[in-house]
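As structure tokens, the structure follows; a few thoughts come after it.
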Amino acid sequence: MNNTVPATNIQRAFQAVTGRDWPVAEKLCIEVLVSDPNNADGLHLLALTYKLSGRLSECLPVYAKLVEQHSNAPFIPTVLGNYGNALRDASQFALAEKHLRHALNLRPDAADLLNHLGLVRQDLGDLVEAGNLFERSLALQPNSAEAWNNYGGVLQRQNRLNDALAAYRRALERKPDFAEAHYNLGNLLADSNYVDEAIGHYRAALTSKPDYVEATMGWLRQTQNSCDWTDLEKLTETLRERVRERGDGRVFPFAFIGVDTTAQEQLACGRQWAEHRYYPLAAQTPPYTFAREPKARLRIGYLSSDFHNHATAYLMAEVVELHDRSQFEVIAYSASPDDGKDMRKRLRASFDKFVDIEAMPYAQAARTIAEDGIDILVDLKGYTRETRAAILAFRPAPVIVNYLGYPGSLGAPIADYIITDRYISPPEFAEHFVEKLVYMPDCYQPNDRRRRIGEAVTRSGLGLPEDSIVFCCFNHTYKITPDIFAAWCTLLHSVPNSVLWLLQSNAVAKKNLIAAAEQRGIDAQRLHFAPNLPLPEHLARIRCADIFLDTYPVNAHTTASDALWAGIPVVTLSGDTFISRVAGSLLCATGLPELITRNVQDYIACAQELARDEARIRAYKQHLAAQRETLPLFDTVRYTRALERRYQQMWEHTCQGRLETLTD
């Protein structure tokens, strides 16, 4: 590089950058540039100083000047690469890609540039090209821990889990303290129920990188999954503090609403996530324009990664089938692979058009939706796993709706409406939502009357005592908190002839729950664990229970409607967040609001009273069985007609330039 100014200052500045002494490095670089404003070494070292010290807004113009003034210098590919990385850090993905591709034109065999461009393509949702770029990088530099880790991320998202596992292990062989590789391997192991091993990798990641909030989230979720509550409070507070104090968009909203947080904190978390992750993507694409005029037939697009054997599909399938085709055309935008199973086949047959966008980058998927002329785009995922909410930020339809998959506000105006009901979101809760509230008449949740209940089974066949009160909870173990489990143990003490029947999510959780029960004086023999079963068989066995005990602050959702569909009363505890009020809404829609409580003491008392009154239990079961298909919760025809009225209202208001709460 250029060495026309005092070499000592350049050398000292380089040493300061290497030693991470940012104030000294900045001072020396500025001294160099005062005497020679276009000095390449001074500009590059100053840009690096700003970038490495987190001052991106100051770093970018220095890089821009360096590229402009020295575009033909032999070192320019390196500068372009660094500039591209800085632009990626600032979420300026299109410009980052431009400079990285320019650098690769100059140095086609630069493994580091291929790796960095792969990351940008991954950020844009293009897993296919990202994978190809990582493969090319590894062919040139097979010992790159960074490239192996990045390639593993793509393989994991493509569900090539064994290949991803091998890639992460190769990364860690080359760099044992690599925090990101530990984190990614932890995620993969957690998905395969290797809970202890996953926690070990999250903790290793945090040892190398103490501020790594993603690893904190992973560790927290596995403490929840395993019912090891030792660090639950500490880890929860770390996330809450991050949202309150930092606001850097690194806390995933679905992880955040899964712990005890307030509605306003959840709103802030969603806003931060969208602002940092999605807005920069959409800002680089010209906005779409749409005609907003009355139509005889609306085109509704449903966007999801769950068009397969998934709770959302179980709830939505019949609604799609019942849509009035004289007034609505219904199109699926599917971001999940075809598992070849019955639900996928049923959904494919139910939609008027089924579009596979799994491999599409976000911008291309948005363009596809816009070109299809969708009037109302309904996102069924929100900020849940395999989210495609980034597509919403491109505004590919005149009306966008947040519905069913994510129990809360997206926190940012990437959706216009959220579908809810008056129990979950009474008018005074409107401040907890960015979206306008769309009230369904009975319950926000749809249901599928075609859910088949399998052949009858007996308690003895399931290993349950025939003459006991059977409390059950088939929620995933991450929803079980120490307070709720303590309440269950209190119930077992107060109802001596009772047992607790739980879903066996993983072996570690089973061991920890038994230990927690024994610490509270409950014999381990009173806890029974149910393996995962196909839905019909699961619905059949639920009927062997007496009372379903809900969790808090994360309620049962589909699991609660399954219990009610099978004829089992549910006792719930409601809070002030969407996710903590779902089961209460279901109970209102089945005529059982008296089973809703507002604190732990009342929750225990309600369940106690019911457990001691077998005639009342029988009455509830008869009520649910006799009116199963006519109760509002399960009247899918009534529900679908109400949903269609809401869609028509949305469109009428859009044509009039209005955006407001919707109800009958």
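Ordering of the structure tokens sets the chain letters (A, B, ...); residue numbers start at 1 within each chain; ligands are numbered from 1 in the order shown.
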Near Ala64 of chain A, within 12 Å and counting only C-alpha atoms, which residues show up once chain neighbours fewer than 6 positions away are dropped, as a count of residues only? 20
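Counting only C-alpha atoms, Val495 of chain A has the following residues at most 9 Å away, ignoring those fewer than 5 positions along the same chain: Ile469, Thr490, Gln608, Ala611 and Arg612 of chain A.
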Taking only C-alpha atoms into account, name the residue in A:Cys588, A:Leu235, A:Ala619, A:Val319 that is nearest to Asp635 of chain A. A:Val319
Report, in Å to a single decimal, how far apart atom CA of Leu46 of chain A and atom CA of Tyr63 of chain A are. 8.9 Å
Write out as a ChimeraX atom specification each polymer residue whose atoms come within 7 Å of segment 412-427 of chain A, counting only C-alpha atoms; drop sequence neighbours fewer than 6 positions from it. /A:270-271,274,392-393,399-403,434-444,578,581-582,585
Expected file: the selected residues, C-alpha atoms, as a compact mmCIF listing (two decimals), in the first residue's frame:
# COMPACT_ATOMS: atom_id res chain seq x y z
CA GLY A 270 -40.62 -8.08 17.85
CA ARG A 271 -39.99 -4.49 16.78
CA ALA A 274 -37.93 -6.64 12.34
CA LEU A 392 -43.61 -9.54 4.62
CA ALA A 393 -41.18 -6.63 4.87
CA VAL A 399 -53.07 -6.32 2.83
CA ILE A 400 -50.94 -8.49 5.13
CA VAL A 401 -52.32 -10.46 8.07
CA ASN A 402 -50.59 -12.03 11.08
CA TYR A 403 -52.57 -15.17 11.89
CA VAL A 434 -48.79 -2.83 16.22
CA GLU A 435 -51.35 -4.54 14.00
CA LYS A 436 -55.02 -3.59 14.03
CA LEU A 437 -57.11 -6.16 15.89
CA VAL A 438 -59.46 -8.36 13.89
CA TYR A 439 -62.02 -9.90 16.23
CA MET A 440 -63.44 -13.32 15.46
CA PRO A 441 -66.90 -13.81 17.01
CA ASP A 442 -66.02 -16.72 19.31
CA CYS A 443 -62.36 -17.76 19.21
CA TYR A 444 -59.39 -16.85 17.05
CA PHE A 578 -51.56 -13.46 23.93
CA ARG A 581 -54.63 -16.46 27.16
CA VAL A 582 -55.16 -18.98 24.37
CA SER A 585 -60.27 -18.42 24.73
Please report the interatomic distance between atom CA of Asp562 of chain A and atom CA of Ile579 of chain A in Å with one decimal. 17.1 Å
Residue contacts of Lys353 of chain A (8 Å, only C-alpha atoms) excluding same-chain residues fewer than 5 positions away, as a PyMOL selection string: chain A and resi 330-332+348
In segment 502-532 of chain A, DSSP alpha helix (DSSP H) residues written as a PyMOL selection string: chain A and resi 507-519
Identify, with DSSP run on backbone atoms, the residues in segment 194-426 of chain A assigned to strand (DSSP E), and express the list as a PyMOL selection string. chain A and resi 298-304+328-334+353-356+376-379+399-402+417-421
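Omitting Thr558 of chain A and its sequence neighbours fewer than 3 positions away, and counting only C-alpha atoms, the residues within 9 Å are A:Ala311, A:Thr312, A:Tyr314, A:Leu315, A:Gln445, A:Asn447, A:Ser561, A:Asp562, A:Ala563.
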Excluding Asp112 of chain A and residues on its chain fewer than 4 positions from it, collect all residues at most 12 Å away from it, counting only C-alpha atoms, and give them as number ranges by chain. A: 77-78, 80-82, 84-85, 100, 103-104, 107-108, 116-119, 133-148, 150
Which residue is closest to Ile547 of chain A? Choose from A:Phe354, A:Phe75, A:Trp488, A:Phe634 and count only C-alpha atoms.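 Result for the nearest residue to Ile547 of chain A: A:Trp488.
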Go ahead and compute the interatomic distance for atom CA of Ala486 of chain A and atom CA of Tyr552 of chain A, in Å to one decimal. 12.2 Å
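Closest to Glu214 of chain A among A:Arg244, A:His182, A:Arg101, A:Arg325 is A:His182, based on only C-alpha atoms.
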